[in-house]
file entry-v4.csv (CSV, C-alpha atoms)
chain,number,residue,atom,x,y,z
R,1,MET,CA,-30.3,-13.9,-9.3
R,2,THR,CA,-28.6,-10.6,-10.2
R,3,ALA,CA,-28.7,-11.4,-13.9
R,4,ALA,CA,-32.4,-10.3,-14.3
R,5,PRO,CA,-32.1,-6.9,-12.7
R,6,CYS,CA,-28.8,-6.4,-14.6
R,7,LEU,CA,-30.5,-7.1,-17.8
R,8,HIS,CA,-33.3,-4.7,-17.0
R,9,ARG,CA,-30.8,-2.0,-16.2
R,10,LEU,CA,-29.1,-2.6,-19.5
R,11,LEU,CA,-32.1,-3.2,-21.7
R,12,LEU,CA,-34.6,-0.7,-20.4
R,13,PRO,CA,-32.5,2.4,-21.0
R,14,LEU,CA,-31.6,1.0,-24.4
R,15,VAL,CA,-35.1,0.4,-25.5
R,16,LEU,CA,-36.2,3.7,-24.0
R,17,SER,CA,-33.5,5.6,-25.7
R,18,LEU,CA,-34.3,4.1,-29.1
R,19,LEU,CA,-38.0,5.0,-28.6
R,20,LEU,CA,-37.2,8.5,-27.4
R,21,LEU,CA,-34.5,9.2,-29.9
R,22,PRO,CA,-36.7,11.2,-32.3
R,23,ALA,CA,-38.0,13.3,-29.4
R,24,ALA,CA,-34.6,13.8,-28.0
R,25,LEU,CA,-33.3,15.1,-31.3
R,26,LEU,CA,-36.0,17.8,-31.3
R,27,ALA,CA,-36.0,18.6,-27.6
R,28,ALA,CA,-33.6,20.9,-25.8
R,29,PRO,CA,-30.7,19.5,-23.9
R,30,ALA,CA,-31.7,17.3,-20.9
R,31,PRO,CA,-32.8,19.6,-18.1
R,32,ASN,CA,-30.8,18.0,-15.3
R,33,ALA,CA,-27.5,17.8,-17.2
R,34,ALA,CA,-25.1,19.4,-14.8
R,35,PRO,CA,-23.5,22.6,-16.1
R,36,ALA,CA,-20.1,21.7,-17.4
R,37,ALA,CA,-17.3,23.8,-15.8
R,38,VAL,CA,-15.3,26.0,-18.1
R,39,LEU,CA,-11.7,24.8,-18.1
R,40,SER,CA,-8.4,26.1,-19.5
R,41,PRO,CA,-6.8,23.9,-22.2
R,42,GLU,CA,-4.3,22.6,-19.7
R,43,GLN,CA,-7.1,21.7,-17.3
R,44,GLU,CA,-9.0,20.0,-20.2
R,45,GLN,CA,-6.0,17.9,-20.7
R,46,ARG,CA,-5.8,16.9,-17.1
R,47,ALA,CA,-9.5,16.1,-17.0
R,48,ASP,CA,-9.1,13.9,-20.0
R,49,LYS,CA,-6.1,12.1,-18.4
R,50,LEU,CA,-8.0,11.6,-15.1
R,51,ALA,CA,-11.1,10.3,-17.0
R,52,HIS,CA,-8.8,7.8,-18.8
R,53,GLY,CA,-7.4,6.6,-15.5
R,54,LEU,CA,-10.7,6.0,-13.8
R,55,ARG,CA,-13.0,3.1,-14.2
R,56,CYS,CA,-16.7,3.4,-15.0
R,57,LEU,CA,-18.4,1.4,-12.3
R,58,VAL,CA,-21.5,0.6,-14.4
R,59,CYS,CA,-19.7,-0.9,-17.4
R,60,GLN,CA,-16.6,-2.1,-15.7
R,61,ASN,CA,-14.3,-2.6,-18.6
R,62,GLN,CA,-14.5,1.0,-19.8
R,63,THR,CA,-12.8,4.0,-18.5
R,64,LEU,CA,-14.8,7.1,-17.6
R,65,ALA,CA,-13.6,8.7,-20.8
R,66,GLU,CA,-15.0,5.9,-22.9
R,67,SER,CA,-18.3,5.3,-21.1
R,68,ASN,CA,-21.6,6.9,-21.9
R,69,ALA,CA,-23.3,5.6,-18.7
R,70,PRO,CA,-25.0,8.4,-16.8
R,71,LEU,CA,-22.8,7.8,-13.8
R,72,ALA,CA,-19.7,8.1,-15.9
R,73,GLN,CA,-21.1,11.5,-17.2
R,74,ASP,CA,-21.7,12.6,-13.6
R,75,MET,CA,-18.2,11.6,-12.6
R,76,ARG,CA,-16.6,13.3,-15.6
R,77,ASN,CA,-18.6,16.5,-14.6
R,78,LEU,CA,-17.4,16.1,-11.1
R,79,ILE,CA,-13.8,15.9,-12.3
R,80,ARG,CA,-14.2,19.1,-14.3
R,81,GLY,CA,-15.9,20.8,-11.3
R,82,GLN,CA,-13.1,19.8,-9.0
R,83,LEU,CA,-10.4,20.9,-11.5
R,84,ALA,CA,-12.2,24.3,-11.8
R,85,ASP,CA,-12.0,24.5,-8.0
R,86,GLY,CA,-8.3,24.1,-8.2
R,87,LYS,CA,-8.0,20.6,-6.8
R,88,THR,CA,-4.8,18.6,-7.8
R,89,ASP,CA,-5.0,15.4,-9.8
R,90,ALA,CA,-4.0,13.4,-6.7
R,91,GLN,CA,-6.8,15.0,-4.7
R,92,ILE,CA,-9.3,14.1,-7.3
R,93,MET,CA,-8.0,10.5,-7.6
R,94,ARG,CA,-8.2,10.3,-3.9
R,95,PHE,CA,-11.8,11.6,-3.9
R,96,PHE,CA,-12.9,8.7,-6.1
R,97,GLU,CA,-10.8,6.1,-4.3
R,98,ASP,CA,-12.3,7.1,-1.0
R,99,ARG,CA,-15.8,6.4,-2.3
R,100,TYR,CA,-15.3,3.6,-4.8
R,101,GLY,CA,-12.2,1.9,-3.6
R,102,ASP,CA,-9.0,0.9,-5.5
R,103,PHE,CA,-11.2,-0.7,-8.1
R,104,VAL,CA,-12.1,2.7,-9.5
R,105,ARG,CA,-8.5,3.1,-10.6
R,106,TYR,CA,-7.5,1.6,-13.9
R,107,ASP,CA,-4.0,1.1,-12.7
R,108,PRO,CA,-4.3,-0.5,-9.2
R,109,PRO,CA,-1.9,0.9,-6.6
R,110,PHE,CA,1.1,-1.1,-5.6
R,111,LYS,CA,0.5,-2.2,-2.0
R,112,PRO,CA,0.6,-5.4,0.0
R,113,VAL,CA,-2.9,-6.7,-1.1
R,114,THR,CA,-1.9,-6.1,-4.8
R,115,TRP,CA,1.6,-7.4,-4.7
R,116,LEU,CA,0.5,-10.7,-6.1
R,117,LEU,CA,-1.4,-8.9,-8.9
R,118,TRP,CA,1.6,-6.8,-9.9
R,119,LEU,CA,4.4,-9.3,-9.2
R,120,GLY,CA,2.5,-12.5,-10.1
R,121,PRO,CA,3.1,-12.3,-13.8
R,122,PHE,CA,6.8,-11.7,-13.3
R,123,ALA,CA,7.1,-14.5,-10.8
R,124,LEU,CA,5.4,-16.8,-13.3
R,125,LEU,CA,7.8,-15.6,-16.0
R,126,ALA,CA,10.8,-16.3,-13.8
R,127,LEU,CA,9.4,-19.7,-13.0
R,128,GLY,CA,9.0,-20.4,-16.6
R,129,PHE,CA,12.6,-19.4,-17.3
R,130,LEU,CA,13.8,-21.6,-14.5
R,131,VAL,CA,12.0,-24.6,-15.9
R,132,LEU,CA,13.3,-23.8,-19.4
R,133,VAL,CA,16.9,-23.5,-18.2
R,134,ARG,CA,16.7,-26.7,-16.3
R,135,THR,CA,15.1,-28.6,-19.2
R,136,LEU,CA,17.7,-27.2,-21.6
R,137,LYS,CA,20.5,-28.1,-19.3
R,138,ARG,CA,19.3,-31.6,-18.9
R,139,ARG,CA,18.9,-32.1,-22.7
R,140,ALA,CA,22.3,-30.5,-23.3
R,141,GLY,CA,23.7,-32.9,-20.7
R,142,VAL,CA,22.4,-35.9,-22.7
R,143,ARG,CA,24.2,-34.7,-25.8
R,144,ALA,CA,27.3,-33.3,-24.2
R,145,PRO,CA,30.5,-34.5,-25.9
R,146,LEU,CA,32.4,-36.9,-23.8
R,147,THR,CA,35.6,-35.8,-22.2
R,148,ALA,CA,38.9,-37.4,-23.1
R,149,ASP,CA,38.8,-39.4,-19.9
R,150,GLU,CA,35.2,-40.6,-20.6
R,151,ARG,CA,36.1,-41.5,-24.1
R,152,ALA,CA,39.0,-43.7,-22.9
R,153,ARG,CA,36.7,-45.4,-20.4
R,154,ALA,CA,34.1,-46.0,-23.1
R,155,ALA,CA,36.6,-47.4,-25.4
R,156,ARG,CA,37.9,-49.7,-22.7
R,157,PHE,CA,34.3,-51.0,-22.0
R,158,LEU,CA,33.6,-51.5,-25.7
R,159,ASP,CA,36.9,-53.3,-26.2
R,160,SER,CA,36.4,-55.6,-23.3
R,161,GLY,CA,32.8,-56.3,-24.4
R,162,SER,CA,33.7,-57.5,-27.9
O,1,MET,CA,6.3,-39.1,-9.0
O,2,LEU,CA,6.7,-35.4,-8.4
O,3,ARG,CA,6.7,-34.7,-12.1
O,4,TYR,CA,3.1,-36.0,-12.3
O,5,LEU,CA,1.9,-34.6,-9.0
O,6,LEU,CA,3.2,-31.1,-9.4
O,7,PRO,CA,1.3,-30.3,-12.6
O,8,LEU,CA,-1.8,-31.9,-11.1
O,9,ALA,CA,-1.4,-29.7,-8.0
O,10,ILE,CA,-1.0,-26.6,-10.1
O,11,PHE,CA,-4.0,-27.5,-12.2
O,12,LEU,CA,-6.2,-28.1,-9.1
O,13,THR,CA,-5.1,-24.8,-7.6
O,14,MET,CA,-5.9,-22.9,-10.7
O,15,ALA,CA,-9.2,-24.8,-11.1
O,16,VAL,CA,-10.3,-23.8,-7.6
O,17,PHE,CA,-9.4,-20.1,-8.1
O,18,LEU,CA,-11.1,-19.9,-11.5
O,19,ALA,CA,-14.2,-21.7,-10.2
O,20,LYS,CA,-14.4,-19.3,-7.3
O,21,GLY,CA,-14.0,-16.4,-9.7
O,22,LEU,CA,-16.8,-17.7,-11.9
O,23,SER,CA,-19.2,-17.9,-9.1
O,24,ARG,CA,-18.7,-14.4,-7.9
O,25,ASP,CA,-20.7,-11.4,-9.1
O,26,PRO,CA,-18.3,-9.2,-11.0
O,27,ARG,CA,-20.6,-6.2,-10.3
O,28,ALA,CA,-20.2,-6.6,-6.6
O,29,VAL,CA,-17.3,-4.3,-5.9
O,30,PRO,CA,-16.2,-4.3,-2.3
O,31,SER,CA,-17.4,-1.0,-0.9
O,32,ALA,CA,-14.8,1.5,0.2
O,33,MET,CA,-17.4,3.1,2.5
O,34,ILE,CA,-17.7,0.3,5.0
O,35,ASP,CA,-17.0,1.5,8.6
O,36,LYS,CA,-16.7,5.1,7.3
O,37,PRO,CA,-19.1,7.8,8.6
O,38,ALA,CA,-22.2,8.0,6.5
O,39,PRO,CA,-21.8,11.2,4.4
O,40,ALA,CA,-24.2,14.0,5.2
O,41,ILE,CA,-27.3,14.0,2.9
O,42,GLY,CA,-28.5,17.6,3.2
O,43,LEU,CA,-31.0,17.2,0.4
O,44,PRO,CA,-34.7,18.2,0.2
O,45,ASP,CA,-37.3,15.8,1.4
O,46,LEU,CA,-39.0,14.3,-1.6
O,47,LEU,CA,-42.5,14.8,-0.3
O,48,GLU,CA,-41.9,18.1,1.5
O,49,PRO,CA,-39.4,19.9,-0.7
O,50,GLY,CA,-39.2,22.8,1.7
O,51,LYS,CA,-37.7,20.6,4.3
O,52,THR,CA,-34.2,19.0,4.4
O,53,LEU,CA,-34.1,15.3,5.1
O,54,ASP,CA,-33.2,14.9,8.7
O,55,VAL,CA,-31.6,11.7,9.9
O,56,GLU,CA,-30.2,13.1,13.1
O,57,SER,CA,-33.1,11.7,15.1
O,58,GLN,CA,-31.7,8.2,14.3
O,59,ARG,CA,-28.5,8.8,16.3
O,60,GLY,CA,-28.0,5.9,18.6
O,61,LYS,CA,-30.1,3.6,16.5
O,62,VAL,CA,-29.5,1.3,13.5
O,63,TRP,CA,-31.2,2.5,10.4
O,64,LEU,CA,-31.4,1.7,6.7
O,65,LEU,CA,-30.8,4.0,3.7
O,66,ASN,CA,-32.2,2.5,0.5
O,67,VAL,CA,-31.2,4.0,-2.8
O,68,TRP,CA,-34.1,3.9,-5.2
O,69,ALA,CA,-35.5,5.4,-8.3
O,70,SER,CA,-38.8,5.2,-10.2
O,71,TRP,CA,-36.9,4.1,-13.3
O,72,CYS,CA,-35.4,1.1,-11.5
O,73,GLY,CA,-37.4,-2.1,-11.9
O,74,PRO,CA,-36.0,-4.2,-9.1
O,75,CYS,CA,-36.7,-1.3,-6.6
O,76,LYS,CA,-40.3,-2.0,-6.9
O,77,ASP,CA,-39.7,-5.7,-6.3
O,78,GLU,CA,-37.8,-5.2,-3.1
O,79,LEU,CA,-40.3,-2.7,-1.7
O,80,PRO,CA,-42.5,-5.2,0.1
O,81,VAL,CA,-39.4,-6.9,1.5
O,82,LEU,CA,-38.1,-3.6,2.9
O,83,ARG,CA,-41.5,-2.6,4.2
O,84,GLU,CA,-42.1,-5.8,6.1
O,85,ALA,CA,-38.6,-6.1,7.4
O,86,ALA,CA,-38.6,-2.5,8.7
O,87,GLN,CA,-41.9,-3.0,10.4
O,88,ARG,CA,-41.1,-6.3,11.9
O,89,HIS,CA,-37.7,-5.2,13.3
O,90,GLY,CA,-38.7,-1.6,14.0
O,91,ILE,CA,-35.9,-0.3,11.9
O,92,ALA,CA,-36.1,3.2,10.5
O,93,LEU,CA,-36.0,3.1,6.7
O,94,TYR,CA,-35.0,6.1,4.7
O,95,GLY,CA,-34.8,6.5,1.0
O,96,LEU,CA,-32.3,8.2,-1.3
O,97,ASN,CA,-34.2,8.9,-4.5
O,98,TYR,CA,-31.4,8.7,-6.9
O,99,LYS,CA,-31.3,10.6,-10.2
O,100,ASP,CA,-35.0,10.8,-10.6
O,101,LYS,CA,-37.6,13.3,-11.5
O,102,PRO,CA,-39.3,14.3,-8.2
O,103,ASP,CA,-42.8,14.2,-9.8
O,104,GLU,CA,-42.3,10.7,-11.2
O,105,ALA,CA,-40.8,9.6,-7.9
O,106,ARG,CA,-43.8,10.9,-6.0
O,107,GLN,CA,-46.2,9.1,-8.4
O,108,TRP,CA,-44.2,5.9,-8.0
O,109,LEU,CA,-44.5,6.1,-4.2
O,110,ALA,CA,-48.3,6.8,-4.5
O,111,ARG,CA,-48.6,3.8,-6.8
O,112,ASN,CA,-46.5,1.3,-4.9
O,113,GLY,CA,-46.9,2.5,-1.3
O,114,ASN,CA,-44.3,4.4,0.6
O,115,PRO,CA,-42.4,2.4,3.2
O,116,TYR,CA,-39.9,5.2,3.9
O,117,LEU,CA,-40.0,7.5,6.8
O,118,ALA,CA,-38.7,10.0,4.3
O,119,SER,CA,-36.8,10.1,1.1
O,120,ALA,CA,-34.2,12.6,0.0
O,121,SER,CA,-34.3,13.9,-3.5
O,122,ASP,CA,-30.9,13.4,-5.1
O,123,VAL,CA,-31.8,14.7,-8.5
O,124,ASP,CA,-28.2,15.1,-9.9
O,125,GLY,CA,-26.8,12.0,-8.1
O,126,ARG,CA,-24.2,14.0,-6.3
O,127,VAL,CA,-25.0,12.5,-2.9
O,128,GLY,CA,-25.1,9.1,-4.5
O,129,ILE,CA,-21.5,9.5,-5.5
O,130,GLU,CA,-20.6,10.5,-1.9
O,131,TYR,CA,-22.0,7.1,-0.9
O,132,GLY,CA,-20.2,5.3,-3.7
O,133,VAL,CA,-23.5,4.3,-5.4
O,134,TYR,CA,-23.2,2.8,-8.8
O,135,GLY,CA,-26.1,0.5,-9.2
O,136,VAL,CA,-29.6,1.0,-8.0
O,137,PRO,CA,-31.0,-0.5,-5.8
O,138,GLU,CA,-28.4,-0.3,-3.0
O,139,THR,CA,-29.1,-0.5,0.7
O,140,PHE,CA,-26.8,0.8,3.4
O,141,VAL,CA,-27.0,-0.3,7.1
O,142,ILE,CA,-25.9,2.6,9.3
O,143,ASP,CA,-25.2,2.2,13.0
O,144,GLY,CA,-25.9,4.3,16.0
O,145,ASP,CA,-22.7,6.2,15.6
O,146,GLY,CA,-23.6,7.2,12.0
O,147,ARG,CA,-21.2,4.8,10.4
O,148,ILE,CA,-21.9,2.7,7.3
O,149,ARG,CA,-21.6,-0.9,8.4
O,150,TYR,CA,-22.9,-2.8,5.5
O,151,LYS,CA,-23.9,-2.2,1.9
O,152,HIS,CA,-26.1,-4.4,-0.1
O,153,LEU,CA,-25.9,-4.1,-3.9
O,154,GLY,CA,-28.9,-5.0,-5.9
O,155,LEU,CA,-32.3,-6.4,-5.2
O,156,ILE,CA,-33.1,-7.6,-1.7
O,157,THR,CA,-35.1,-10.8,-1.7
O,158,PRO,CA,-36.7,-12.2,1.5
O,159,GLU,CA,-33.9,-14.8,1.5
O,160,LEU,CA,-31.2,-12.2,1.1
O,161,TRP,CA,-32.7,-10.2,3.9
O,162,ARG,CA,-32.7,-13.2,6.2
O,163,THR,CA,-29.2,-14.4,5.3
O,164,ARG,CA,-27.3,-11.1,4.7
O,165,LEU,CA,-28.9,-8.0,6.2
O,166,GLN,CA,-30.7,-9.3,9.2
O,167,PRO,CA,-27.7,-10.9,10.8
O,168,VAL,CA,-25.7,-7.6,10.4
O,169,ILE,CA,-28.5,-5.6,11.9
O,170,GLU,CA,-29.0,-8.0,14.8
O,171,ALA,CA,-25.3,-7.9,15.6
O,172,LEU,CA,-25.4,-4.1,15.7
O,173,GLN,CA,-28.5,-3.8,17.8
call {"tool": "encode", "arguments": {"input": "entry-v4.csv", "output": "structure tokens"}}
result
Amino acid sequence: MTAAPCLHRLLLPLVLSLLLLPAALLAAPAPNAAPAAVLSPEQEQRADKLAHGLRCLVCQNQTLAESNAPLAQDMRNLIRGQLADGKTDAQIMRFFEDRYGDFVRYDPPFKPVTWLLWLGPFALLALGFLVLVRTLKRRAGVRAPLTADERARAARFLDSGS
Amino acid sequence: MLRYLLPLAIFLTMAVFLAKGLSRDPRAVPSAMIDKPAPAIGLPDLLEPGKTLDVESQRGKVWLLNVWASWCGPCKDELPVLREAAQRHGIALYGLNYKDKPDEARQWLARNGNPYLASASDVDGRVGIEYGVYGVPETFVIDGDGRIRYKHLGLITPELWRTRLQPVIEALQ
């Protein structure tokens, strides 16, 4: 049911942007593009790092830095604005988490609901090792050389059998 | 026996989880805004730009905030559903006109009918971000204390209204 509107949302801007491309090339910058804050090189770097650590909610497998979605642009501008206001990286992360949840972070936080997510792969790896060790032991057991005692017993059985 | 049952059990568990994962809408991110106070809107009224949208009069009542835009196809489709539902249940319906040109938004309302008591003009989408909006249409149910109690992502069909939104609203009233 959501597929149709999704498709609209994706296709319509695409088609429109293709149609409007020549006009856009001639026209002045979009009137409602938020004025980008002027940042120091150090702040630029922080803005870039933050944008790489946040998810674009529209195209979910891209970071804010990679995405060209309008929302991602707005969020990048917001990051710049907040950096210009002297906010810390943690405060800015927090701002987005408060509104979009943990999902907005590209590295989910380590807390009880995400324990399985973080530890699951390691648990699976450990389980795999356990199975491997057990299997190897069992196989090694089959081929283990006989002790002197066992050899003697085997010889006795073989002798008595023949 | 265990050596056959164990892989089967693991397979079934994974199959159930994966099947559940497939049937979910990956766009539907659990909203972080549920049970939080609805952020202040403080934006101009779309139809009377001199006025600020005022939702204070809804204190003590359940009301809806529908995020819409003239460029959003499904917004038009859900308009009749919202109109009828709001009328039938006597619920105040407000709009947040998200990242739209006010002129086009006003034309859109004139063309399709205006079910909103009022719409706020969020031209740069800043208030949308306060609400955690990322896909239009979205609809928020806000309770008498001004808290967001439910968020619906995407088009509201009559069936979705009946099965999702209406029960939430009735429980709050």
call {"tool": "closest_residue", "arguments": {"input": "entry-v4.csv", "among": "O:Val67, O:Val16, O:Ala85, O:Ala92", "to": "Ile129 (chain O)", "atoms": "all atoms listed in the file"}}
result
O:Val67
call {"tool": "closest_atom_pairs", "arguments": {"input": "entry-v4.csv", "of": "region 35-145 of chain R", "to": "region 34-46 of chain O", "cutoff": "12 Å", "atoms": "all atoms listed in the file", "output": "Markdown table"}}
result
| residue | atom | partner | partner_atom | distance |
| --- | --- | --- | --- | --- |
| R:Asp98 | CA | O:Lys36 | CA | 9.6 |
| R:Arg99 | CA | O:Ile34 | CA | 9.7 |
| R:Tyr100 | CA | O:Ile34 | CA | 10.6 |
| R:Gly101 | CA | O:Ile34 | CA | 10.3 |
call {"tool": "atom_distance", "arguments": {"input": "entry-v4.csv", "atom1": "CA of Lys111 (chain R)", "atom2": "CA of Leu127 (chain R)"}}
result
22.5 Å
call {"tool": "atom_distance", "arguments": {"input": "entry-v4.csv", "atom1": "CA of Gly81 (chain R)", "atom2": "CA of Ala37 (chain R)"}}
result
5.6 Å
call {"tool": "interface_residues", "arguments": {"input": "entry-v4.csv", "of": "chain O", "to": "chain R", "cutoff": "6 Å", "atoms": "all atoms listed in the file", "output": "list in words"}}
result
Ala32, Pro74 and Gly132 of chain O
call {"tool": "atom_distance", "arguments": {"input": "entry-v4.csv", "atom1": "CA of Leu96 (chain O)", "atom2": "CA of Gln58 (chain O)"}}
result
15.6 Å
call {"tool": "residues_near_point", "arguments": {"input": "entry-v4.csv", "point": "(-2.2, 13.0, -8.8)", "cutoff": "12 Å", "atoms": "all atoms listed in the file", "output": "PDB file with C-alpha atoms, in the frame of the given file"}}
result
ATOM      1  CA  ARG R  46      -5.800  16.900 -17.100  1.00  0.00           C
ATOM      2  CA  ALA R  47      -9.500  16.100 -17.000  1.00  0.00           C
ATOM      3  CA  LYS R  49      -6.100  12.100 -18.400  1.00  0.00           C
ATOM      4  CA  LEU R  50      -8.000  11.600 -15.100  1.00  0.00           C
ATOM      5  CA  GLY R  53      -7.400   6.600 -15.500  1.00  0.00           C
ATOM      6  CA  LEU R  83     -10.400  20.900 -11.500  1.00  0.00           C
ATOM      7  CA  LYS R  87      -8.000  20.600  -6.800  1.00  0.00           C
ATOM      8  CA  THR R  88      -4.800  18.600  -7.800  1.00  0.00           C
ATOM      9  CA  ASP R  89      -5.000  15.400  -9.800  1.00  0.00           C
ATOM     10  CA  ALA R  90      -4.000  13.400  -6.700  1.00  0.00           C
ATOM     11  CA  GLN R  91      -6.800  15.000  -4.700  1.00  0.00           C
ATOM     12  CA  ILE R  92      -9.300  14.100  -7.300  1.00  0.00           C
ATOM     13  CA  MET R  93      -8.000  10.500  -7.600  1.00  0.00           C
ATOM     14  CA  ARG R  94      -8.200  10.300  -3.900  1.00  0.00           C
ATOM     15  CA  PHE R  95     -11.800  11.600  -3.900  1.00  0.00           C
ATOM     16  CA  PHE R  96     -12.900   8.700  -6.100  1.00  0.00           C
ATOM     17  CA  GLU R  97     -10.800   6.100  -4.300  1.00  0.00           C
ATOM     18  CA  ARG R 105      -8.500   3.100 -10.600  1.00  0.00           C
TER      19      ARG R 105
END
call {"tool": "residues_around", "arguments": {"input": "entry-v4.csv", "residues": "Leu109 (chain O)", "least_positions_apart": "4", "cutoff": "12 Å", "atoms": "only C-alpha atoms", "output": "number ranges by chain"}}
result
O: 46-47, 68-70, 75-76, 79, 95, 97, 102-105, 113-119
call {"tool": "residues_around", "arguments": {"input": "entry-v4.csv", "residues": "Val38 (chain R)", "least_positions_apart": "4", "cutoff": "9 Å", "atoms": "all atoms listed in the file", "output": "number ranges by chain"}}
result
R: 44, 80-81, 84
call {"tool": "write_last_selection", "arguments": {"input": "entry-v4.csv", "atoms": "C-alpha atoms", "output": "short mmCIF file (atom, residue, chain, number, x, y, z; two decimals), in the frame of the given file"}}
result
data_model
loop_
_atom_site.label_atom_id
_atom_site.label_comp_id
_atom_site.auth_asym_id
_atom_site.auth_seq_id
_atom_site.Cartn_x
_atom_site.Cartn_y
_atom_site.Cartn_z
CA GLU R 44 -9.00 20.00 -20.20
CA ARG R 80 -14.20 19.10 -14.30
CA GLY R 81 -15.90 20.80 -11.30
CA ALA R 84 -12.20 24.30 -11.80
#
call {"tool": "closest_residue", "arguments": {"input": "entry-v4.csv", "among": "R:Leu136, R:Ala51, R:Ala155, R:Leu39", "to": "Gln73 (chain R)", "atoms": "only C-alpha atoms"}}
result
R:Ala51
call {"tool": "residues_near_point", "arguments": {"input": "entry-v4.csv", "point": "(-34.6, -11.5, 6.4)", "cutoff": "12 Å", "atoms": "only C-alpha atoms", "output": "compact mmCIF listing (two decimals) with C-alpha atoms, keeping the file's coordinate frame"}}
result
# COMPACT_ATOMS: atom_id res chain seq x y z
CA GLU O 78 -37.80 -5.20 -3.10
CA PRO O 80 -42.50 -5.20 0.10
CA VAL O 81 -39.40 -6.90 1.50
CA LEU O 82 -38.10 -3.60 2.90
CA ARG O 83 -41.50 -2.60 4.20
CA GLU O 84 -42.10 -5.80 6.10
CA ALA O 85 -38.60 -6.10 7.40
CA ALA O 86 -38.60 -2.50 8.70
CA GLN O 87 -41.90 -3.00 10.40
CA ARG O 88 -41.10 -6.30 11.90
CA HIS O 89 -37.70 -5.20 13.30
CA ILE O 156 -33.10 -7.60 -1.70
CA THR O 157 -35.10 -10.80 -1.70
CA PRO O 158 -36.70 -12.20 1.50
CA GLU O 159 -33.90 -14.80 1.50
CA LEU O 160 -31.20 -12.20 1.10
CA TRP O 161 -32.70 -10.20 3.90
CA ARG O 162 -32.70 -13.20 6.20
CA THR O 163 -29.20 -14.40 5.30
CA ARG O 164 -27.30 -11.10 4.70
CA LEU O 165 -28.90 -8.00 6.20
CA GLN O 166 -30.70 -9.30 9.20
CA PRO O 167 -27.70 -10.90 10.80
CA VAL O 168 -25.70 -7.60 10.40
CA ILE O 169 -28.50 -5.60 11.90
CA GLU O 170 -29.00 -8.00 14.80
call {"tool": "build_atoms", "arguments": {"input": "entry-v4.csv", "residues": "region 55-67 of chain R", "atoms": "N, CA and C atoms", "output": "mmCIF file, in the coordinates of the input"}}
result
data_model
loop_
_atom_site.group_PDB
_atom_site.id
_atom_site.type_symbol
_atom_site.label_atom_id
_atom_site.label_comp_id
_atom_site.auth_asym_id
_atom_site.auth_seq_id
_atom_site.Cartn_x
_atom_site.Cartn_y
_atom_site.Cartn_z
ATOM 1 N N ARG R 55 -12.166 4.077 -13.692
ATOM 2 C CA ARG R 55 -13.000 3.100 -14.200
ATOM 3 C C ARG R 55 -14.496 3.496 -14.118
ATOM 4 N N CYS R 56 -15.268 3.202 -15.149
ATOM 5 C CA CYS R 56 -16.700 3.400 -15.000
ATOM 6 C C CYS R 56 -17.255 2.197 -14.255
ATOM 7 N N LEU R 57 -17.957 2.488 -13.142
ATOM 8 C CA LEU R 57 -18.400 1.400 -12.300
ATOM 9 C C LEU R 57 -19.586 0.651 -12.857
ATOM 10 N N VAL R 58 -20.258 1.254 -13.831
ATOM 11 C CA VAL R 58 -21.500 0.600 -14.400
ATOM 12 C C VAL R 58 -21.054 -0.389 -15.476
ATOM 13 N N CYS R 59 -20.150 0.045 -16.357
ATOM 14 C CA CYS R 59 -19.700 -0.900 -17.400
ATOM 15 C C CYS R 59 -18.202 -1.032 -17.143
ATOM 16 N N GLN R 60 -17.883 -2.058 -16.411
ATOM 17 C CA GLN R 60 -16.600 -2.100 -15.700
ATOM 18 C C GLN R 60 -15.371 -2.137 -16.537
ATOM 19 N N ASN R 61 -15.513 -2.495 -17.793
ATOM 20 C CA ASN R 61 -14.300 -2.600 -18.600
ATOM 21 C C ASN R 61 -14.069 -1.363 -19.443
ATOM 22 N N GLN R 62 -14.728 -0.290 -19.092
ATOM 23 C CA GLN R 62 -14.500 1.000 -19.800
ATOM 24 C C GLN R 62 -14.005 2.005 -18.818
ATOM 25 N N THR R 63 -13.233 2.929 -19.352
ATOM 26 C CA THR R 63 -12.800 4.000 -18.500
ATOM 27 C C THR R 63 -13.941 5.083 -18.500
ATOM 28 N N LEU R 64 -13.821 6.042 -17.598
ATOM 29 C CA LEU R 64 -14.800 7.100 -17.600
ATOM 30 C C LEU R 64 -14.857 7.854 -18.878
ATOM 31 N N ALA R 65 -13.696 7.961 -19.512
ATOM 32 C CA ALA R 65 -13.600 8.700 -20.800
ATOM 33 C C ALA R 65 -14.389 7.998 -21.874
ATOM 34 N N GLU R 66 -14.404 6.665 -21.824
ATOM 35 C CA GLU R 66 -15.000 5.900 -22.900
ATOM 36 C C GLU R 66 -16.503 5.668 -22.698
ATOM 37 N N SER R 67 -16.939 5.728 -21.457
ATOM 38 C CA SER R 67 -18.300 5.300 -21.100
ATOM 39 C C SER R 67 -19.327 6.358 -21.329
#
